[in-house]
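First up is the structure itself, then whatever we jot down about it.
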Amino acid sequence: SPGAHGTRATNASSVARSRTTMATHTVVGVRASLAPRRSRVAPEFTRRGGAPRVRSASARLTVRAAKGDVLLEVKDLSAKVAETGEEILRGVTLTIKEGETHAIMGKNGSGKSTFTKVLVGHPSYEVTGGTATFRGQDLFEMEPEERARAGLFLSFQSPIEVPGVSNTDFLRMMCNERRKARGEPELDPLEFYGFLTPKLEQLNMDPSFLARNVNEGFSGGEKKRNEILQLAVMESEMSILDEIDSGLDVDALRDVAAAVNVLKEGDKGLLLITHYQRLLDAIHPDFVHVMQKGKIVQTGDVSIAQKLEEGGFEALAA
């Protein structure tokens with residue numbers, strides 16, 4: 001639980017501060033895990049060049065890519081479960097350029113969610129081979145929070161609750177972390193409210209959400225809307241949405257899809273993980289990939305999703 005990772009405190013104010021710190025790290029950092037560590041690189045796996053390089057502060061600064069440049073490039077990525085050693089990813093290769101929307105489909109257990117978690121630094125997995133870069137930077141040389149500040153966002157498939165931390169405080173801290181990383185001034189509470197209000201309207205969210213604790217008592221649909229609100233606040237260049245459509249009714253899916261379509265305009269990159277064509281009918285991908293047994297085995301346009309909808313994965317082999 002979040003409290004288990006926070007500072008042990010004996011008074012209510014200290015507990016609240018530790019929860020707030022942990023909450024910030026959770027979403028601004030890993031967002032897929034509460035642990036403050038990145039994905040481990042297996043000891044037997046070393047990159048060309050031998051010892052890990054030392055990164056100066058200037059080396060970590062991000063530079064906006066030119067239009068059409070590669071945002072995310074993954075080559076022959078392999079990874080295993082750290083605790084059991086079970087191999088999940090077996091050579092994933094994927095390139096996403098600015099302005100592109102990609103979707104990955106596949107059966108349960110094919111490695112889709114593991115792939116997303118490895119990219120953002122989930123500590124339950126070890127990278128055993130391959131490379132992954134974001135805007136030219138080696139992801140595996142970056143801490144999870146550095147990846148988030150650089151503009152890589154992952155939505156939770158099952159968003160967690162963070163008791164004791166208001167949505168407003170949480171969102172403002174996330175926003176200011178990104179602004180600091182971009183060399184922009186932080187927003188005070190009043191400025192942030194002005195920044196946030198149009199985003200609430202865009203998502204068709206009641207402003208009362210802001211006074212509630214992060215995801216506490218939220219319905220499934222409300223949690224997913226809150227994930228997209230976090231994406232809107234972070235203004236990330238590369239967003240990964242892991243089954244954002246699960247648990248949404250028709251109206252909620254329409255609102256979420258409309259907001260995502262606005263957020264991905266311009267040179268933003270988007271990767272969707274989904275089982276269903278209904279999401280791809282609302283957020284039109286440029287490329288659809290099929291993952292099986294830890295590898296991308298087929299790539300095409302949205303017609304792949306249509307074939308899956310009509311005949312299942314067996315239809316693709318025909």
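By order of appearance in the structure tokens: chains A, B, ..., then residues from 1 within every chain, and ligands from 1 in the order shown.
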| task | Just list the residues in stretch 89-178 of chain A DSSP gives helix (DSSP H, G or I) on the backbone, as a count of residues only. | result | 31
| task | Extract, using only C-alpha atoms, all DNA, RNA and protein residues at most 8 Å from A:Lys224, discarding same-chain residues fewer than 3 positions from it, and format them as a ChimeraX atom specification. | result | /A:159,220-221,227-228,244,248,256
Can you list every residue of stretch 215-276 of chain A that has an atom at most 9 Å from stretch 67-80 of chain A, with its nearest atom pair and the distance in Å to one decimal, using only C-alpha atoms, ordered by chain then number, as CSV?
```
residue,atom,partner,partner_atom,distance
A:Glu237,CA,A:Leu71,CA,8.1
A:Met238,CA,A:Leu71,CA,7.2
A:Asp267,CA,A:Lys67,CA,6.9
A:Lys268,CA,A:Leu71,CA,8.7
A:Gly269,CA,A:Leu71,CA,7.0
```
| field | Best match for closeness to A:Ser236 among A:Lys112, A:Arg172, A:Lys107, A:Arg147, counting only C-alpha atoms | value | A:Arg147
| message | Let me make sure I understand: among A:Leu154, A:Ile88, A:Leu139, A:Val288, which one has the smallest atom-to-atom distance to A:His102 if we use only C-alpha atoms? | response |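 Result for the nearest residue to A:His102: A:Val288.
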| In terms of the shortest atom-to-atom distance over only C-alpha atoms, which of A:Val165, A:Met142, A:Ala132, A:Ala305 is closest to A:Thr95? |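 Nearest candidate to A:Thr95 out of A:Val165, A:Met142, A:Ala132, A:Ala305: A:Ala132.
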| query | DSSP on the backbone: what in stretch 223-292 of chain A comes out strand (DSSP E or B), as an MDAnalysis selection string? | reply | chainID A and resid 238:242 269:273 287:292
Atoms to include: N, CA, C and O atoms. Write the selected residues as a JSON list (two decimals), in the first residue's frame.
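Writing done, so here's out-v8.json:
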```
[["chain", "number", "residue", "atom", "x", "y", "z"],
["A", 238, "MET", "N", 4.21, 11.51, -25.47],
["A", 238, "MET", "CA", 3.95, 10.12, -25.84],
["A", 238, "MET", "C", 3.08, 9.49, -24.77],
["A", 238, "MET", "O", 3.49, 9.39, -23.62],
["A", 239, "SER", "N", 1.88, 9.08, -25.15],
["A", 239, "SER", "CA", 0.93, 8.52, -24.19],
["A", 239, "SER", "C", 0.64, 7.06, -24.52],
["A", 239, "SER", "O", 0.46, 6.70, -25.68],
["A", 240, "ILE", "N", 0.62, 6.25, -23.48],
["A", 240, "ILE", "CA", 0.30, 4.83, -23.61],
["A", 240, "ILE", "C", -0.95, 4.58, -22.77],
["A", 240, "ILE", "O", -0.94, 4.79, -21.55],
["A", 241, "LEU", "N", -2.04, 4.18, -23.42],
["A", 241, "LEU", "CA", -3.31, 3.97, -22.75],
["A", 241, "LEU", "C", -3.61, 2.47, -22.73],
["A", 241, "LEU", "O", -3.92, 1.88, -23.76],
["A", 242, "ASP", "N", -3.50, 1.88, -21.55],
["A", 242, "ASP", "CA", -3.67, 0.43, -21.39],
["A", 242, "ASP", "C", -5.12, 0.11, -21.07],
["A", 242, "ASP", "O", -5.57, 0.30, -19.94],
["A", 269, "GLY", "N", 2.36, 11.49, -29.84],
["A", 269, "GLY", "CA", 2.29, 10.08, -30.16],
["A", 269, "GLY", "C", 1.34, 9.37, -29.22],
["A", 269, "GLY", "O", 1.19, 9.77, -28.05],
["A", 270, "LEU", "N", 0.68, 8.31, -29.71],
["A", 270, "LEU", "CA", -0.29, 7.59, -28.88],
["A", 270, "LEU", "C", -0.20, 6.10, -29.17],
["A", 270, "LEU", "O", -0.15, 5.68, -30.32],
["A", 271, "LEU", "N", -0.16, 5.32, -28.10],
["A", 271, "LEU", "CA", -0.19, 3.86, -28.20],
["A", 271, "LEU", "C", -1.36, 3.34, -27.38],
["A", 271, "LEU", "O", -1.44, 3.58, -26.18],
["A", 272, "LEU", "N", -2.28, 2.65, -28.05],
["A", 272, "LEU", "CA", -3.46, 2.09, -27.40],
["A", 272, "LEU", "C", -3.28, 0.58, -27.22],
["A", 272, "LEU", "O", -2.85, -0.11, -28.14],
["A", 273, "ILE", "N", -3.63, 0.09, -26.04],
["A", 273, "ILE", "CA", -3.70, -1.34, -25.79],
["A", 273, "ILE", "C", -5.17, -1.68, -25.62],
["A", 273, "ILE", "O", -5.85, -1.11, -24.74],
["A", 287, "PHE", "N", -1.77, 2.59, -37.32],
["A", 287, "PHE", "CA", -1.25, 1.23, -37.42],
["A", 287, "PHE", "C", -1.85, 0.37, -36.32],
["A", 287, "PHE", "O", -2.04, 0.84, -35.19],
["A", 288, "VAL", "N", -2.13, -0.88, -36.66],
["A", 288, "VAL", "CA", -2.59, -1.86, -35.68],
["A", 288, "VAL", "C", -1.61, -3.02, -35.68],
["A", 288, "VAL", "O", -1.24, -3.54, -36.75],
["A", 289, "HIS", "N", -1.18, -3.41, -34.48],
["A", 289, "HIS", "CA", -0.23, -4.50, -34.32],
["A", 289, "HIS", "C", -0.89, -5.64, -33.55],
["A", 289, "HIS", "O", -1.70, -5.38, -32.64],
["A", 290, "VAL", "N", -0.52, -6.85, -33.87],
["A", 290, "VAL", "CA", -1.00, -8.02, -33.14],
["A", 290, "VAL", "C", 0.17, -8.63, -32.39],
["A", 290, "VAL", "O", 1.23, -8.90, -32.98],
["A", 291, "MET", "N", -0.02, -8.81, -31.08],
["A", 291, "MET", "CA", 1.02, -9.40, -30.25],
["A", 291, "MET", "C", 0.63, -10.81, -29.86],
["A", 291, "MET", "O", -0.50, -11.06, -29.43],
["A", 292, "GLN", "N", 1.57, -11.72, -30.00],
["A", 292, "GLN", "CA", 1.38, -13.11, -29.59],
["A", 292, "GLN", "C", 2.67, -13.61, -28.95],
["A", 292, "GLN", "O", 3.76, -13.41, -29.49]]
```
| query | Could you work out how far atom CA of A:Pro198 lies from atom CA of A:Lys180, giving the answer in Å with one decimal? | reply |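 Distance between the two atoms: 21.9 Å.
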| field | Selection near A:Gln306, 12 Å with only C-alpha atoms, sequence-local residues under 5 positions removed, as a list in words | value |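 The filter keeps Met105, His275, Tyr276, Gln277, Arg278, Leu279, Leu280, Asp281, Val288, Gly300, Asp301, Gly311, Gly312, Phe313, Ala315 and Leu316 of chain A.
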